[in-house]
>>> print(open('coords-v1.cif').read())   # mmCIF, C-alpha atoms (C1' of nucleotides)
data_entry
loop_
_atom_site.label_atom_id
_atom_site.label_comp_id
_atom_site.auth_asym_id
_atom_site.auth_seq_id
_atom_site.Cartn_x
_atom_site.Cartn_y
_atom_site.Cartn_z
CA MET A 1 65.93 189.42 -57.40
CA THR A 2 68.79 191.44 -58.89
CA GLY A 3 69.97 194.33 -56.75
CA LYS A 4 68.74 197.76 -57.60
CA ASN A 5 71.11 199.84 -59.64
CA ALA A 6 72.94 201.76 -56.99
CA GLY A 7 74.79 204.91 -57.83
CA LYS A 8 77.73 204.42 -60.11
CA ASN A 9 80.99 206.28 -60.53
CA ALA A 10 81.21 207.12 -56.87
CA GLY A 11 84.99 206.74 -56.88
CA LYS A 12 87.76 208.21 -58.98
CA ASN A 13 91.40 207.58 -59.69
CA GLY A 14 90.89 203.84 -59.63
CA ALA A 15 90.00 203.98 -55.96
CA VAL A 16 88.38 200.76 -54.79
CA ARG A 17 84.82 201.37 -53.74
CA LYS A 18 83.56 199.35 -50.85
CA ASP A 19 81.89 196.22 -52.11
CA ALA A 20 79.78 193.51 -50.49
CA VAL A 21 82.80 191.51 -49.40
CA ALA A 22 84.33 194.52 -47.70
CA SER A 23 81.14 194.84 -45.65
CA ILE A 24 81.25 191.17 -44.78
CA ILE A 25 84.82 191.51 -43.55
CA GLU A 26 83.84 194.51 -41.45
CA ASP A 27 81.03 192.47 -39.93
CA TRP A 28 83.44 189.74 -38.93
CA ALA A 29 85.90 192.28 -37.49
CA ARG A 30 83.12 193.50 -35.23
CA GLU A 31 81.79 190.06 -34.28
CA ARG A 32 84.97 188.03 -34.06
CA PRO A 33 87.91 190.46 -33.98
CA GLU A 34 90.38 187.73 -33.07
CA LEU A 35 90.06 186.05 -36.49
CA ASP A 36 92.19 186.93 -39.49
CA THR A 37 89.64 187.03 -42.28
CA SER A 38 92.01 188.21 -45.01
CA PRO A 39 91.52 185.04 -47.10
CA LEU A 40 87.98 186.25 -47.74
CA GLU A 41 89.34 189.25 -49.62
CA VAL A 42 90.27 186.87 -52.41
CA LEU A 43 88.08 183.80 -52.05
CA ALA A 44 84.76 185.33 -51.07
CA ARG A 45 85.20 187.66 -54.05
CA LEU A 46 86.00 184.68 -56.23
CA HIS A 47 82.82 183.02 -55.02
CA ARG A 48 80.53 185.99 -55.53
CA THR A 49 82.04 186.98 -58.84
CA PHE A 50 81.57 183.46 -60.12
CA LEU A 51 77.93 183.40 -59.01
CA ARG A 52 77.22 186.58 -60.93
CA TYR A 53 79.10 185.31 -63.96
CA ASN A 54 77.23 182.05 -63.82
CA THR A 55 73.85 183.75 -63.65
CA ARG A 56 74.65 185.81 -66.76
CA LEU A 57 76.06 182.79 -68.55
CA THR A 58 73.08 180.61 -67.72
CA SER A 59 70.51 183.04 -69.02
CA ALA A 60 72.48 183.68 -72.22
CA ILE A 61 72.90 179.98 -72.98
CA ASP A 62 69.34 179.27 -71.99
CA ARG A 63 68.06 181.57 -74.71
CA HIS A 64 69.35 178.99 -77.18
CA GLY A 65 67.51 176.18 -75.45
CA LEU A 66 70.70 174.84 -73.89
CA ALA A 67 71.92 174.34 -70.34
CA VAL A 68 75.44 175.39 -69.37
CA ALA A 69 76.25 171.76 -68.63
CA GLY A 70 75.32 170.70 -72.14
CA PHE A 71 77.06 173.68 -73.73
CA ASP A 72 80.20 172.69 -71.88
CA VAL A 73 80.11 169.24 -73.49
CA LEU A 74 79.39 170.61 -76.95
CA THR A 75 82.32 173.04 -76.81
CA ALA A 76 84.68 170.31 -75.59
CA LEU A 77 83.71 168.17 -78.56
CA ARG A 78 83.92 171.08 -80.99
CA ARG A 79 87.37 172.22 -80.00
CA ALA A 80 88.67 168.66 -80.10
CA GLY A 81 88.39 168.94 -83.88
CA ALA A 82 86.97 166.49 -86.42
CA PRO A 83 85.50 163.96 -86.00
CA TYR A 84 84.26 165.80 -82.86
CA ARG A 85 84.42 162.75 -80.68
CA LEU A 86 85.54 162.19 -77.07
CA THR A 87 85.05 159.46 -74.50
CA ALA A 88 82.93 160.01 -71.41
CA GLY A 89 86.07 159.97 -69.29
CA GLN A 90 87.73 162.68 -71.36
CA LEU A 91 84.60 164.79 -71.08
CA ALA A 92 84.57 164.35 -67.32
CA ASP A 93 88.16 165.53 -67.02
CA SER A 94 87.72 168.47 -69.33
CA GLY A 95 84.62 169.71 -67.52
CA LEU A 96 85.87 169.06 -63.96
CA VAL A 97 82.77 166.98 -63.38
CA SER A 98 82.15 163.43 -62.14
CA SER A 99 81.64 160.63 -64.60
CA ALA A 100 78.08 160.25 -63.31
CA GLY A 101 77.47 163.85 -64.22
CA VAL A 102 78.77 163.25 -67.72
CA THR A 103 76.36 160.37 -68.26
CA LEU A 104 73.44 162.63 -67.43
CA ARG A 105 74.68 165.46 -69.63
CA ILE A 106 75.13 163.07 -72.52
CA ASP A 107 71.69 161.55 -71.99
CA ARG A 108 70.07 164.94 -72.39
CA LEU A 109 72.14 166.01 -75.40
CA GLU A 110 71.48 162.71 -77.14
CA LYS A 111 67.77 163.08 -76.51
CA ASP A 112 67.95 166.50 -78.18
CA GLY A 113 69.78 165.05 -81.17
CA LEU A 114 72.92 167.16 -80.70
CA ILE A 115 75.27 164.23 -80.11
CA VAL A 116 75.26 160.47 -80.66
CA ARG A 117 76.82 157.74 -78.55
CA GLU A 118 79.15 155.28 -80.27
CA ARG A 119 80.80 152.27 -78.71
CA ASP A 120 84.46 151.68 -79.42
CA ALA A 121 84.94 148.55 -81.51
CA ASP A 122 88.26 147.60 -79.90
CA ASP A 123 87.34 148.25 -76.27
CA ARG A 124 83.65 147.83 -75.78
CA ARG A 125 83.66 149.52 -72.36
CA VAL A 126 84.43 152.85 -74.02
CA VAL A 127 81.62 155.12 -75.19
CA TYR A 128 82.33 158.01 -77.50
CA SER A 129 80.09 161.02 -77.81
CA ARG A 130 80.13 162.58 -81.25
CA LEU A 131 78.60 165.84 -82.43
CA THR A 132 75.82 165.45 -84.96
CA ASP A 133 75.50 167.97 -87.79
CA ALA A 134 72.83 169.70 -85.72
CA GLY A 135 75.12 169.75 -82.71
CA LEU A 136 77.98 171.19 -84.72
CA ALA A 137 75.81 173.95 -86.15
CA LYS A 138 74.38 174.72 -82.74
CA VAL A 139 77.70 175.02 -80.94
CA ASP A 140 79.25 177.14 -83.67
CA GLU A 141 76.34 179.52 -83.44
CA VAL A 142 76.15 179.73 -79.66
CA PHE A 143 79.88 179.90 -78.97
CA ALA A 144 80.41 183.05 -81.02
CA GLU A 145 77.62 184.78 -79.15
CA HIS A 146 79.01 183.45 -75.89
CA LEU A 147 82.31 185.21 -76.57
CA ASP A 148 80.52 188.48 -77.27
CA ASN A 149 78.64 188.13 -74.01
CA GLU A 150 81.88 187.53 -72.14
CA ARG A 151 83.48 190.52 -73.80
CA ARG A 152 80.69 192.70 -72.47
CA MET A 153 81.18 191.34 -68.98
CA LEU A 154 84.85 192.36 -69.14
CA ALA A 155 84.12 195.85 -70.43
CA GLY A 156 85.00 197.46 -67.10
CA LEU A 157 88.58 196.16 -67.13
CA SER A 158 91.46 197.38 -69.25
CA PRO A 159 93.41 194.91 -71.38
CA ALA A 160 96.30 195.17 -68.94
CA GLU A 161 94.00 194.39 -66.02
CA CYS A 162 92.60 191.40 -67.89
CA ARG A 163 96.08 190.03 -68.47
CA GLN A 164 96.98 190.51 -64.83
CA LEU A 165 93.76 188.92 -63.65
CA ALA A 166 94.22 185.96 -65.99
CA ARG A 167 97.73 185.42 -64.67
CA LEU A 168 96.66 185.60 -61.03
CA LEU A 169 93.68 183.28 -61.52
CA SER A 170 95.91 180.76 -63.22
CA LYS A 171 98.26 180.93 -60.27
CA LEU A 172 95.39 180.59 -57.83
CA GLU A 173 94.02 177.53 -59.60
CA ARG A 174 97.41 175.92 -59.38
CA SER A 175 97.74 176.86 -55.71
CA ILE A 176 94.37 175.33 -54.85
CA GLU A 177 95.19 172.20 -56.78
CA GLU A 178 98.62 171.77 -55.25
CA THR A 179 97.52 172.27 -51.66
CA ALA A 180 94.76 169.66 -51.93
CA VAL A 181 95.20 166.59 -49.79
CA PRO A 182 96.01 163.78 -52.23
CA ASP A 183 94.06 161.13 -50.39
CA GLU A 184 92.62 160.19 -47.05
CA GLY A 185 95.19 159.74 -44.36
CA MET B 1 103.24 169.96 -80.12
CA THR B 2 102.95 172.40 -83.00
CA GLY B 3 105.07 175.26 -81.78
CA LYS B 4 103.44 177.96 -83.76
CA ASN B 5 102.46 180.66 -81.32
CA ALA B 6 103.50 178.83 -78.25
CA GLY B 7 106.63 180.74 -77.30
CA LYS B 8 104.71 183.41 -75.47
CA ASN B 9 104.99 182.13 -71.96
CA ALA B 10 108.38 180.54 -72.04
CA GLY B 11 111.44 181.74 -70.40
CA LYS B 12 111.46 184.29 -67.65
CA ASN B 13 111.49 183.81 -63.93
CA GLY B 14 107.96 183.82 -62.63
CA ALA B 15 106.88 182.74 -66.06
CA VAL B 16 103.33 181.47 -66.38
CA ARG B 17 103.29 177.76 -67.02
CA LYS B 18 100.78 176.59 -69.56
CA ASP B 19 97.53 175.65 -67.88
CA ALA B 20 94.35 173.94 -69.04
CA VAL B 21 92.79 177.18 -70.26
CA ALA B 22 95.82 177.96 -72.39
CA SER B 23 95.36 174.59 -74.08
CA ILE B 24 91.70 175.31 -74.63
CA ILE B 25 92.52 178.62 -76.26
CA GLU B 26 95.06 176.92 -78.52
CA ASP B 27 92.41 174.40 -79.54
CA TRP B 28 90.06 177.17 -80.55
CA ALA B 29 92.81 178.98 -82.45
CA ARG B 30 93.26 175.84 -84.50
CA GLU B 31 89.58 175.08 -85.00
CA ARG B 32 88.12 178.55 -85.40
CA PRO B 33 91.01 180.96 -86.00
CA GLU B 34 88.67 183.81 -86.93
CA LEU B 35 87.34 184.11 -83.35
CA ASP B 36 88.91 186.30 -80.69
CA THR B 37 88.87 184.04 -77.65
CA SER B 38 90.73 186.39 -75.32
CA PRO B 39 87.76 186.68 -72.91
CA LEU B 40 88.39 183.06 -72.00
CA GLU B 41 91.76 184.01 -70.56
CA VAL B 42 89.90 185.60 -67.68
CA LEU B 43 86.48 184.01 -67.52
CA ALA B 44 87.29 180.39 -68.26
CA ARG B 45 89.96 180.65 -65.57
CA LEU B 46 87.42 182.19 -63.23
CA HIS B 47 85.10 179.28 -63.92
CA ARG B 48 87.67 176.53 -63.45
CA THR B 49 89.26 178.12 -60.43
CA PHE B 50 85.88 178.43 -58.80
CA LEU B 51 85.05 174.80 -59.51
CA ARG B 52 88.25 173.67 -57.81
CA TYR B 53 87.67 176.02 -54.90
CA ASN B 54 84.13 174.80 -54.53
CA THR B 55 85.20 171.15 -54.49
CA ARG B 56 87.69 171.82 -51.69
CA LEU B 57 85.18 173.94 -49.80
CA THR B 58 82.43 171.34 -50.10
CA SER B 59 84.50 168.49 -48.77
CA ALA B 60 85.81 170.59 -45.86
CA ILE B 61 82.35 171.76 -44.83
CA ASP B 62 80.91 168.31 -45.37
CA ARG B 63 83.25 166.88 -42.74
CA HIS B 64 81.19 168.84 -40.22
CA GLY B 65 77.93 167.42 -41.48
CA LEU B 66 77.02 170.64 -43.25
CA ALA B 67 76.36 171.62 -46.85
CA VAL B 68 77.91 174.78 -48.28
CA ALA B 69 74.43 176.19 -48.81
CA GLY B 70 73.62 175.80 -45.13
CA PHE B 71 77.00 177.06 -43.99
CA ASP B 72 76.40 180.17 -46.05
CA VAL B 73 73.18 180.86 -44.17
CA LEU B 74 74.76 180.20 -40.78
CA THR B 75 77.63 182.61 -41.43
CA ALA B 76 75.26 185.31 -42.66
CA LEU B 77 73.30 185.02 -39.41
CA ARG B 78 76.45 184.89 -37.30
CA ARG B 79 78.07 187.98 -38.73
CA ALA B 80 74.83 189.93 -38.46
CA GLY B 81 75.43 189.91 -34.70
CA ALA B 82 73.07 189.22 -31.83
CA PRO B 83 70.29 188.23 -31.85
CA TYR B 84 71.54 186.37 -34.98
CA ARG B 85 68.35 186.90 -36.89
CA LEU B 86 67.61 187.79 -40.54
CA THR B 87 64.58 187.60 -42.79
CA ALA B 88 64.39 185.15 -45.68
CA GLY B 89 64.67 188.05 -48.10
CA GLN B 90 67.84 189.35 -46.48
CA LEU B 91 69.33 185.87 -46.63
CA ALA B 92 68.46 185.58 -50.31
CA ASP B 93 70.23 188.84 -51.12
CA SER B 94 73.27 188.07 -49.03
CA GLY B 95 73.73 184.65 -50.60
CA LEU B 96 72.93 185.69 -54.18
CA VAL B 97 70.28 183.01 -54.27
CA SER B 98 66.57 182.95 -55.10
CA SER B 99 63.98 183.13 -52.35
CA ALA B 100 62.91 179.60 -53.20
CA GLY B 101 66.45 178.46 -52.60
CA VAL B 102 66.44 180.13 -49.20
CA THR B 103 63.26 178.35 -48.18
CA LEU B 104 64.90 175.00 -48.89
CA ARG B 105 68.12 175.90 -47.09
CA ILE B 106 66.16 177.03 -44.07
CA ASP B 107 64.02 173.89 -44.08
CA ARG B 108 67.10 171.72 -43.84
CA LEU B 109 68.81 173.81 -41.17
CA GLU B 110 65.65 173.93 -39.09
CA LYS B 111 65.31 170.18 -39.33
CA ASP B 112 68.85 169.88 -38.01
CA GLY B 113 68.07 172.19 -35.09
CA LEU B 114 70.63 174.84 -36.07
CA ILE B 115 68.12 177.61 -36.65
CA VAL B 116 64.49 178.35 -35.76
CA ARG B 117 61.87 180.21 -37.77
CA GLU B 118 60.09 183.09 -36.06
CA ARG B 119 57.26 185.14 -37.49
CA ASP B 120 57.44 188.89 -37.09
CA ALA B 121 54.71 190.13 -34.74
CA ASP B 122 54.18 193.41 -36.60
CA ASP B 123 54.25 192.10 -40.15
CA ARG B 124 53.15 188.51 -40.22
CA ARG B 125 54.39 187.97 -43.78
CA VAL B 126 57.96 188.20 -42.56
CA VAL B 127 59.78 185.11 -41.33
CA TYR B 128 63.00 185.45 -39.40
CA SER B 129 65.58 182.72 -39.14
CA ARG B 130 67.48 182.79 -35.86
CA LEU B 131 70.53 180.80 -34.83
CA THR B 132 69.93 178.36 -32.02
CA ASP B 133 72.63 177.84 -29.39
CA ALA B 134 73.63 174.72 -31.30
CA GLY B 135 73.78 176.68 -34.53
CA LEU B 136 75.91 179.40 -32.98
CA ALA B 137 78.37 176.90 -31.57
CA LYS B 138 78.51 175.05 -34.88
CA VAL B 139 79.19 178.08 -37.03
CA ASP B 140 81.84 179.45 -34.67
CA GLU B 141 83.63 176.14 -34.81
CA VAL B 142 83.39 175.58 -38.55
CA PHE B 143 84.15 179.13 -39.63
CA ALA B 144 87.56 179.26 -37.94
CA GLU B 145 88.54 176.04 -39.66
CA HIS B 146 87.15 177.35 -42.91
CA LEU B 147 89.52 180.31 -42.75
CA ASP B 148 92.48 178.02 -42.17
CA ASN B 149 91.45 175.95 -45.15
CA GLU B 150 91.22 179.07 -47.31
CA ARG B 151 94.64 180.22 -46.10
CA ARG B 152 96.11 176.96 -47.31
CA MET B 153 94.50 177.39 -50.71
CA LEU B 154 96.14 180.81 -51.03
CA ALA B 155 99.57 179.57 -50.01
CA GLY B 156 100.94 179.84 -53.54
CA LEU B 157 100.30 183.58 -53.78
CA SER B 158 102.25 186.36 -52.11
CA PRO B 159 100.39 188.92 -49.99
CA ALA B 160 100.87 191.47 -52.73
CA GLU B 161 99.40 189.11 -55.29
CA CYS B 162 96.44 188.47 -53.04
CA ARG B 163 95.76 192.18 -52.71
CA GLN B 164 95.98 192.63 -56.44
CA LEU B 165 93.74 189.66 -57.13
CA ALA B 166 91.19 190.87 -54.59
CA ARG B 167 91.11 194.29 -56.23
CA LEU B 168 90.71 192.88 -59.73
CA LEU B 169 87.98 190.45 -58.72
CA SER B 170 86.08 193.25 -57.05
CA LYS B 171 86.34 195.25 -60.23
CA LEU B 172 85.23 192.28 -62.31
CA GLU B 173 82.20 191.66 -60.14
CA ARG B 174 81.18 195.27 -60.59
CA SER B 175 81.77 195.08 -64.33
CA ILE B 176 79.58 191.99 -64.68
CA GLU B 177 76.86 193.55 -62.57
CA GLU B 178 76.86 196.84 -64.45
CA THR B 179 76.79 195.32 -67.91
CA ALA B 180 73.79 193.13 -67.11
CA VAL B 181 70.68 193.83 -69.11
CA PRO B 182 68.11 195.30 -66.71
CA ASP B 183 65.26 193.33 -68.26
CA GLU B 184 64.43 191.15 -71.25
CA GLY B 185 66.69 192.14 -74.12
"C1'" DC C 1 34.84 199.36 -45.01
"C1'" DG C 2 36.46 196.47 -48.83
"C1'" DA C 3 38.64 195.21 -53.12
"C1'" DA C 4 42.92 195.79 -55.88
"C1'" DG C 5 47.58 195.52 -55.78
"C1'" DA C 6 52.07 194.77 -53.62
"C1'" DA C 7 55.12 192.12 -50.74
"C1'" DA C 8 57.09 188.07 -48.37
"C1'" DC C 9 57.36 183.52 -48.24
"C1'" DC C 10 56.20 178.62 -49.73
"C1'" DT C 11 55.19 174.90 -53.16
"C1'" DT C 12 55.78 172.59 -57.40
"C1'" DA C 13 58.02 170.94 -61.45
"C1'" DG C 14 62.07 170.49 -63.71
"C1'" DC C 15 66.89 170.28 -64.39
"C1'" DC C 16 71.63 169.55 -62.49
"C1'" DC C 17 75.36 167.46 -59.46
"C1'" DT C 18 77.84 163.99 -56.44
"C1'" DG C 19 79.39 159.48 -54.14
"C1'" DA C 20 78.69 154.80 -53.92
"C1'" DA C 21 77.41 150.71 -55.88
"C1'" DA C 22 76.31 148.04 -59.95
"C1'" DC C 23 77.39 146.56 -64.47
"C1'" DA C 24 80.08 145.34 -68.57
"C1'" DC C 25 84.16 144.49 -70.39
"C1'" DA C 26 89.42 143.89 -70.44
"C1'" DT C 27 93.55 142.03 -68.76
"C1'" DA C 28 96.76 139.53 -65.73
"C1'" DC C 29 98.14 135.53 -63.67
"C1'" DG C 30 98.36 130.97 -61.78
"C1'" DC D 1 91.23 128.93 -69.41
"C1'" DG D 2 89.16 130.75 -65.58
"C1'" DT D 3 89.17 133.54 -61.58
"C1'" DA D 4 90.77 138.09 -59.63
"C1'" DT D 5 91.37 142.60 -60.34
"C1'" DG D 6 91.12 146.93 -62.80
"C1'" DT D 7 88.75 150.31 -65.92
"C1'" DG D 8 84.91 152.86 -68.18
"C1'" DT D 9 80.21 153.89 -67.90
"C1'" DT D 10 75.69 153.78 -65.86
"C1'" DT D 11 72.28 153.56 -62.08
"C1'" DC D 12 70.61 155.02 -57.72
"C1'" DA D 13 69.76 157.83 -53.66
"C1'" DG D 14 70.15 162.18 -51.89
"C1'" DG D 15 70.65 166.98 -52.34
"C1'" DG D 16 70.73 171.64 -54.56
"C1'" DC D 17 69.07 175.44 -57.61
"C1'" DT D 18 65.60 178.17 -60.39
"C1'" DA D 19 61.24 180.00 -62.47
"C1'" DA D 20 56.60 180.29 -62.06
"C1'" DG D 21 52.64 180.17 -59.60
"C1'" DG D 22 50.08 180.03 -55.00
"C1'" DT D 23 48.99 181.67 -50.21
"C1'" DT D 24 48.89 184.85 -46.65
"C1'" DT D 25 49.36 189.35 -45.10
"C1'" DC D 26 49.95 194.33 -45.57
"C1'" DT D 27 48.69 198.83 -47.84
"C1'" DT D 28 46.21 201.94 -50.57
"C1'" DC D 29 42.41 204.33 -51.91
"C1'" DG D 30 37.60 204.92 -53.60
#
>>> encode(input="coords-v1.cif", output="structure tokens")
Amino acid sequence: MTGKNAGKNAGKNGAVRKDAVASIIEDWARERPELDTSPLEVLARLHRTFLRYNTRLTSAIDRHGLAVAGFDVLTALRRAGAPYRLTAGQLADSGLVSSAGVTLRIDRLEKDGLIVRERDADDRRVVYSRLTDAGLAKVDEVFAEHLDNERRMLAGLSPAECRQLARLLSKLERSIEETAVPDEG
Amino acid sequence: MTGKNAGKNAGKNGAVRKDAVASIIEDWARERPELDTSPLEVLARLHRTFLRYNTRLTSAIDRHGLAVAGFDVLTALRRAGAPYRLTAGQLADSGLVSSAGVTLRIDRLEKDGLIVRERDADDRRVVYSRLTDAGLAKVDEVFAEHLDNERRMLAGLSPAECRQLARLLSKLERSIEETAVPDEG
DNA sequence: CGAAGAAACCTTAGCCCTGAAACACATACG
DNA sequence: CGTATGTGTTTCAGGGCTAAGGTTTCTTCG
């Protein structure tokens, strides 16, 4: 279902070639000219770019018999350092996912022997997830390849463009977060 | 707070405050200092920013009794112009989703009376989805509010920053697309 | 014509996510 | 010390997505 490889290098001098979002914006200008659709320039591109990134990511991780959701948990545990242990709540925060989602992710990883659950002795509500030796080996193997895969995806941007894009995305994340309604009312 | 390499983003006006991804990169530098994690500067921020965007988007659309997946189909039909009709294949391409996914989206929208399926008379394999009057009214209502919501999310960025971000995201999408392996690798 | 192959869509099986409610445990307070 | 309330995790119900395979319908060509 991937698009056919259309002609490349149509533009020069860094000119921006028309992309799918530009066409979408043109469509709206024709159909509903009274609307200001400029937010789509950023956010529709964010959406589409993420979908493409996610497709690539999923198939790369999948080759190692992992799902992105599980990989996300394994990397959070790995970068926490020895003894590679976090509570379900910490994992939920770090992955921007609900606590229900974390339970399911952990279920699957435990079934595969990559992590173990351990109850806290002091506060028996708390459940830690800890990397097993197999989980540690797996994440160290897959993460290095993951970085290589990401490097390839960024090949079309210069280092300066990457820095700029990183800065702007960070600012956008903060803007989205700060303009969220805190609660109902 | 080990202040080893942390001084990088201190100090100037418009300085970038440390965000979650910066912490993640510091973690990796401590745990696996031999890896070059610079791709995360861009792509982990892309991932997290999208997740936050998607959460906001979902709750806004949900207030109208719609799912993002369905809204996506409705807008594709709306901006195609009268008679607001596209094939399942066209909808799959436009939404970057599999044809199976489109079938499910269409099922739900048809059940809600927002679209109708129509078989092509000439080629009876083809199934069009067409907006009903209710669907047209719904999408015109929700889309305008959607744009306002997106405008709020972008409030923290200047117009110049938005233009720059749009350009860089477009370039990134193309880079990801072009570096994809055409087939099994 | 009629069978092979291609194309468009649908079905199935499997995994993933969320919000709300349930459950287990901790803590505060009268 | 025992109920009320809060916190951390799990369960449940309801969707959503994909890959792979199935069905129906064209198209091609002997």
>>> interface_residues(input="coords-v1.cif", of="chain B", to="chain A", cutoff="8 Å", atoms="all atoms listed in the file", output="ChimeraX atom specification")
/B:16,19,24,27-28,31,35-37,39-43,45-53,56,79-81,93,96,98,144,147,150-157,161-163,165-177,179-180
>>> calpha_fit_rmsd(input="coords-v1.cif", fixed="chain B", moving="chain A")
4.9 Å
>>> closest_residue(input="coords-v1.cif", among="B:Ala100, B:Val116, B:Leu109, B:Leu136", to="Val68 in chain B", atoms="all atoms listed in the file")
B:Leu109
>>> closest_residue(input="coords-v1.cif", among="A:Arg117, A:Ala69, A:Glu145, A:Ser59", to="DA19 in chain D", atoms="only C-alpha atoms (C1' of nucleotides)")
A:Ser59
>>> resolve_selection(input="coords-v1.cif", expression="the PyMOL selection byres ((chain B) within 7 of (chain D))", output="list in words")
Gly101, Arg124 and Arg125 of chain B
>>> closest_atom_pairs(input="coords-v1.cif", of="chain C", to="chain B", cutoff="12 Å", atoms="only C-alpha atoms (C1' of nucleotides)", output="CSV")
residue,atom,partner,partner_atom,distance
C:DA7,C1',B:Arg125,CA,8.1
C:DA8,C1',B:Arg125,CA,5.3
C:DC9,C1',B:Arg125,CA,7.0
C:DC10,C1',B:Thr103,CA,7.2
C:DT11,C1',B:Ala100,CA,9.0
C:DT12,C1',B:Ala100,CA,10.8
C:DC17,C1',B:Thr55,CA,11.6
C:DT18,C1',B:Thr55,CA,10.5
C:DG19,C1',B:Ser59,CA,11.7
>>> atom_distance(input="coords-v1.cif", atom1="CA of Gly65 in chain B", atom2="CA of Lys111 in chain B")
13.1 Å
>>> atom_distance(input="coords-v1.cif", atom1="CA of Tyr128 in chain A", atom2="CA of Arg85 in chain A")
6.1 Å
>>> atom_distance(input="coords-v1.cif", atom1="CA of Arg130 in chain A", atom2="C1' of DT27 in chain C")
27.5 Å
